[in-house]
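A.B. asks: One structure follows; several queries about it will come next.
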Amino acid sequence: MTIDNSYMIYRNRRRGMDHDLYKWSNIFSRPPLKWPNNKNVLTWIVINLEWFPITPNDTPFKAPGHMQTAYPDFRHYTSRDYGNRVGIYRLLDALKKIDAKVSVAVNSAIAERYPQLVADISADGHEIIAHSTDMNATIASGVAIEQEEAHIIRSLAVIEKATGKRPIGWLSIARSQSFNTPELLANAGLSYMCDWVNDELPYLMKTKAGEIFNFPLNHELSDRQILNVQQHSVDSYVQQIKDAWTWLNSESKQYGGRILPLNITPYIMGLPYRMEAFEQLLSWLKTQEQNDFATGTEILETISVN
Amino acid sequence: MNNGQPDPGLYEYNAYRNRPKIEWPDGKTVAVWVSPNLEYYELDPPENPIRKSWKTPAPDVTGYSHRDYANRVGHWRMAEVMEQYGFKGSVSLSVALCQHIPEVVEHANELGWEFFSHGIYNTRYSYGMSEEQERTIIEDSIKTVKNATGQDIKGWLAPALTHTPRTLDLIAEYGLTYTCDLYHDDQPMPVSVKSGKLISMPYSLEVNDHYGFFIYNMSPREYADTLIRQYERLAAEGENSGTVMCIPLHSYLIGQPHRIGPFAEVLRYIKEDGRAWITQSGDIADHYLANYSHLAGAKNDY
């Protein structure tokens with residue numbers, strides 16, 4: 001079988017990217033960013049709070065971590081819920097000990113089902129960002145634009161009602177978007193999204209509804225990737241994050257402020273046998289003189305002044 | 001797939017025992033070459049009936065943006081570390097990068113890196129191409145790299161490792177001297193082609209950073225340790241007859257902040273060891289063809 005000649009045509013072979021969402025940019029030739037108090041590295045922690053309906057939705061795709069056995073999959077349903085009952089509180093306590101504020105990406109179903117949890121998170125001074133409605137509300141090409149918009153609007157409205165504050169940040173489930181997503185997010189008044197992992201600093205995307213920042217939440221440094229997908233030990237995870245921080249800190253002396261993004265999942269990291277190593281990592285970060293912790297909102301405020 | 005196709009008969013069997021001695025310049029025992037893949041992946045490429053470009057329907061945000069990290073962040077970090085320890089890259093190039101982000105190609109060229117073709121895009125596959133279509137991408141590669149860098153490409157690594165049964169004959173006919181698509185040996189070997197002279201350049205999937213991190217799920221420090229073990233073994237065996245060690249890289253992987261530090265230590269280790277001919281693929285091919293093209297194993301006219 002010979003391939004059709006249309007396959008030999010390169011419609012977007014041109015200077016710059018093969019799309020119009022953002023421009024190419026070299027991180028090492030941008031004007032250096034300055035962080036408050038002359039810190040080199042801001043550690044930006046994003047914790048995912050996820051509620052998995054016990055009947056998974058395979059359309060457009062089944063969210064990572066979703067149910068796996070025949071109904072009723074008590075095994076996965078309850079071990080995910082463990083994260084929302086126990087794991088998250090271990091993480092919150094650990095953060096309180098080092099006085100670090102983080103961004104928590106919340107399925108709005110969490111706010112509806114567990115109001116005490118979102119109240120506790122807010123009371124501890126953390127930022128809440130939107131993470132769709134629940135883990136069946138995945139977004140990808142093929143989802144009708146009205147449906148996608150409904151997920152976004154509902155997610156923001158429910159969280160605003162529960163916390164009294166409208167989120168300014170958004171994390172898609174599995175970082176998955178459709179071609180409509182950036183515009184819908186900008187249109188909903190969001191200031192930043194955390195989905196594209198092509199950079200290590202925030203940058204602006206253009207949409208018909210205006211600009212929106214992308215904050216690259218490095219998926220390769222996430223606990224899901226390192227512990228679950230790659231099946232490394234938590235000790236190896238800690239080593240890798242320390243190596244990453246050390247590298248970013250040294251680079252920062254020449255190139256300006258850097259961000260270390262850590263995506264954390266309570267049902268993965270918040271297990272008893274992993275917590276001590278993670279707590280030690282947090283205190284190691286806390287004792288690095290050139291480190292500070294920041295929420296997405298704080299980073300946004302800083303780069304707006306820069 | 002394609003049951004009943006003939007064995008391609010690309011090379012003759014040549015056992016690793018009692019081979020003639022290959023000597024590298026200055027008495028070095030192992031030729032080490034670093035091969036950054038400088039690639040461009042399209043966000044929404046046309047569909048190839050045999051292979052999908054992305055795991056999810058476009059836009060595969062994580063897949064695409066992870067690759068794009070290479071050209072915004074990873075390349076610059078990786079290149080700086082290579083330069084620090086004196087390693088010049090031999091680039092497996094998606095040639096459309098010359099149009100999309102000429103800054104990356106110009107930077108590599110200024111550093112003295114060599115370019116060979118890795119197809120037009122890493123999202124366009126050779127499977128199912130007619131001879132004419134395949135000639136088009138080879139001619140495009142030769143011309144595009146020449147225009148962008150002044151260099152004549154000498155080698156080929158098929159786009160996303162996709163081939164036709166004609167690929168090696170065609171690249172040899174166009175005057176290319178080495179292929180990086182065969183993984184049967186740790187020394188250069190002649191490849192049987194219809195015309196021209198073609199050798200197989202030892203590349204590696206096994207110590208490719210992609211295999212290290214995503215097939216074998218190594219931690220960055222384990223991967224660094226693996227490279228040093230690979231180097232130690234090949235440097236020792238090269239006393240008998242010179243070996244080749246290739247370190248194939250993707251800067252969206254190796255250029256990540258948790259990996260680049262351990263990797264820099266590997267380059268420092270190899271440089272300081274002293275047994276390595278730290279070189280480039282084209283120089284290995286030239287040296288081999290100039291001195292050893294008479295060696296056994298060639299069915300074609302060496």
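Residue numbers start at 1 in each chain; chains themselves are named A, B, ... in the order of the structure tokens; ligands are numbered from 1 in the order shown.
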Counting only C-alpha atoms, which residues from chain B have an atom at most 7 Å from any atom of chain A, and could you show them as a ChimeraX atom specification?

C.D. replies: /B:42-43,46,57-62,65-66,68-69,72-73,96,99-101,128-130,217,257-258,261

A.B. asks: Please compute the CA of Phe74 (chain A)-CA of Trp51 (chain A) distance, one decimal, in Å.

C.D. replies: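 So the two atoms, CA of Phe74 (chain A) and CA of Trp51 (chain A), lie 13.7 Å apart.
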
A.B. asks: Could you list, as a PyMOL selection string, every residue within 7 Å of Arg221 (chain B), counting only C-alpha atoms and ignoring same-chain residues fewer than 3 positions away?

C.D. replies: chain B and resi 224-225+262

A.B. asks: Please write the residues from the selection above to a file, keeping N, CA, C and O atoms, as a PDB file, in the first residue's frame.

C.D. replies:
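Writing the result to selection.pdb gives the following:
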ATOM      1  N   ALA B 224      22.856   7.476  34.475  1.00  0.00           N
ATOM      2  CA  ALA B 224      24.250   7.925  34.433  1.00  0.00           C
ATOM      3  C   ALA B 224      25.187   6.760  34.737  1.00  0.00           C
ATOM      4  O   ALA B 224      26.205   6.555  34.056  1.00  0.00           O
ATOM      5  N   ASP B 225      24.838   5.969  35.709  1.00  0.00           N
ATOM      6  CA  ASP B 225      25.651   4.805  36.069  1.00  0.00           C
ATOM      7  C   ASP B 225      25.698   3.807  34.907  1.00  0.00           C
ATOM      8  O   ASP B 225      26.737   3.208  34.618  1.00  0.00           O
ATOM      9  N   PRO B 262      23.432  14.639  36.909  1.00  0.00           N
ATOM     10  CA  PRO B 262      24.074  13.323  36.809  1.00  0.00           C
ATOM     11  C   PRO B 262      24.681  13.076  35.425  1.00  0.00           C
ATOM     12  O   PRO B 262      25.744  12.460  35.315  1.00  0.00           O
TER      13      PRO B 262
END

A.B. asks: Find the residues near Lys101 (chain A): any atom within 7 Å, counting only C-alpha atoms, skip ones fewer than 3 places away on the same chain, and give them as a list in words.

C.D. replies: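 Listed by chain and then number, they are Gly125, His126, Phe293, Ala294 and Thr295 of chain A.
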
A.B. asks: I need the chosen residues saved as a short mmCIF file (atom, residue, chain, number, x, y, z; two decimals), in the first residue's frame, with C-alpha atoms.

C.D. replies:
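Written output follows (selection.cif):
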data_model
loop_
_atom_site.label_atom_id
_atom_site.label_comp_id
_atom_site.auth_asym_id
_atom_site.auth_seq_id
_atom_site.Cartn_x
_atom_site.Cartn_y
_atom_site.Cartn_z
CA GLY A 125 -3.82 29.89 53.59
CA HIS A 126 -3.42 27.78 50.47
CA PHE A 293 7.66 28.45 48.40
CA ALA A 294 4.98 30.18 46.36
CA THR A 295 1.44 29.64 45.17
#

A.B. asks: Please extract the residues of region 43-121 of chain B with a backbone DSSP assignment of alpha helix (DSSP H) and present them as a PyMOL selection string.

C.D. replies: chain B and resi 61-69+75-84+97-100+102-110

A.B. asks: Hey, can you spit out that residue selection with C-alpha atoms as an mmCIF file, in the first residue's frame?

C.D. replies:
data_model
loop_
_atom_site.group_PDB
_atom_site.id
_atom_site.type_symbol
_atom_site.label_atom_id
_atom_site.label_comp_id
_atom_site.auth_asym_id
_atom_site.auth_seq_id
_atom_site.Cartn_x
_atom_site.Cartn_y
_atom_site.Cartn_z
ATOM 1 C CA VAL B 61 -0.947 18.601 25.039
ATOM 2 C CA THR B 62 1.463 16.679 27.248
ATOM 3 C CA GLY B 63 3.093 14.758 24.400
ATOM 4 C CA TYR B 64 3.532 17.770 22.145
ATOM 5 C CA SER B 65 4.567 20.256 24.809
ATOM 6 C CA HIS B 66 7.030 17.805 26.332
ATOM 7 C CA ARG B 67 8.779 17.549 22.938
ATOM 8 C CA ASP B 68 8.573 21.290 22.500
ATOM 9 C CA TYR B 69 10.421 21.707 25.824
ATOM 10 C CA HIS B 75 18.600 21.956 24.052
ATOM 11 C CA TRP B 76 20.351 24.954 25.533
ATOM 12 C CA ARG B 77 20.981 23.241 28.840
ATOM 13 C CA MET B 78 22.229 20.019 27.207
ATOM 14 C CA ALA B 79 24.455 21.864 24.721
ATOM 15 C CA GLU B 80 26.084 23.911 27.460
ATOM 16 C CA VAL B 81 27.022 20.795 29.399
ATOM 17 C CA MET B 82 28.372 19.058 26.275
ATOM 18 C CA GLU B 83 30.426 22.108 25.388
ATOM 19 C CA GLN B 84 31.816 22.299 28.906
ATOM 20 C CA LEU B 97 13.527 22.404 12.387
ATOM 21 C CA CYS B 98 15.721 24.458 10.011
ATOM 22 C CA GLN B 99 12.543 26.324 8.997
ATOM 23 C CA HIS B 100 10.679 26.326 12.316
ATOM 24 C CA PRO B 102 16.554 28.095 12.909
ATOM 25 C CA GLU B 103 18.052 29.438 16.149
ATOM 26 C CA VAL B 104 18.528 25.904 17.464
ATOM 27 C CA VAL B 105 20.099 24.648 14.225
ATOM 28 C CA GLU B 106 22.345 27.701 13.913
ATOM 29 C CA HIS B 107 23.469 27.321 17.505
ATOM 30 C CA ALA B 108 24.398 23.666 16.974
ATOM 31 C CA ASN B 109 26.161 24.518 13.724
ATOM 32 C CA GLU B 110 28.171 27.283 15.383
#

A.B. asks: Determine, counting only C-alpha atoms, which protein, DNA and RNA residues have an atom within 9 Å of an atom of Tyr41 (chain B); residues of the same chain fewer than 4 positions away are not included. Present the result as a PDB file with C-alpha atoms, in the first residue's frame.

C.D. replies:
ATOM      1  CA  PRO B  45      -0.004  16.062  11.542  1.00  0.00           C
ATOM      2  CA  SER B  53       1.560  10.213  15.807  1.00  0.00           C
ATOM      3  CA  TYR B  64       3.532  17.770  22.145  1.00  0.00           C
ATOM      4  CA  ARG B  67       8.779  17.549  22.938  1.00  0.00           C
ATOM      5  CA  ASP B  68       8.573  21.290  22.500  1.00  0.00           C
ATOM      6  CA  SER B  94      14.208  16.670  11.881  1.00  0.00           C
ATOM      7  CA  TYR B 121       9.420  15.731  10.987  1.00  0.00           C
ATOM      8  CA  ASN B 122       9.371  13.122  13.684  1.00  0.00           C
ATOM      9  CA  THR B 123       5.632  12.947  13.069  1.00  0.00           C
ATOM     10  CA  ARG B 124       5.973  11.824   9.406  1.00  0.00           C
TER      11      ARG B 124
END

A.B. asks: Need the shell around Asp124 (chain A): protein/DNA/RNA residues with any atom at most 12 Å away, counting only C-alpha atoms. Skip same-chain ones fewer than 4 positions apart. Format as a list in words?

C.D. replies: Tyr89, Leu91, Leu92, Asp93, Ala94, Leu95, Lys96, Lys97, Asp99, Ala100, Lys101, Val102, Ser103, Val104, Leu117, Val118, Ala119, Asp120 and Ile128 of chain A
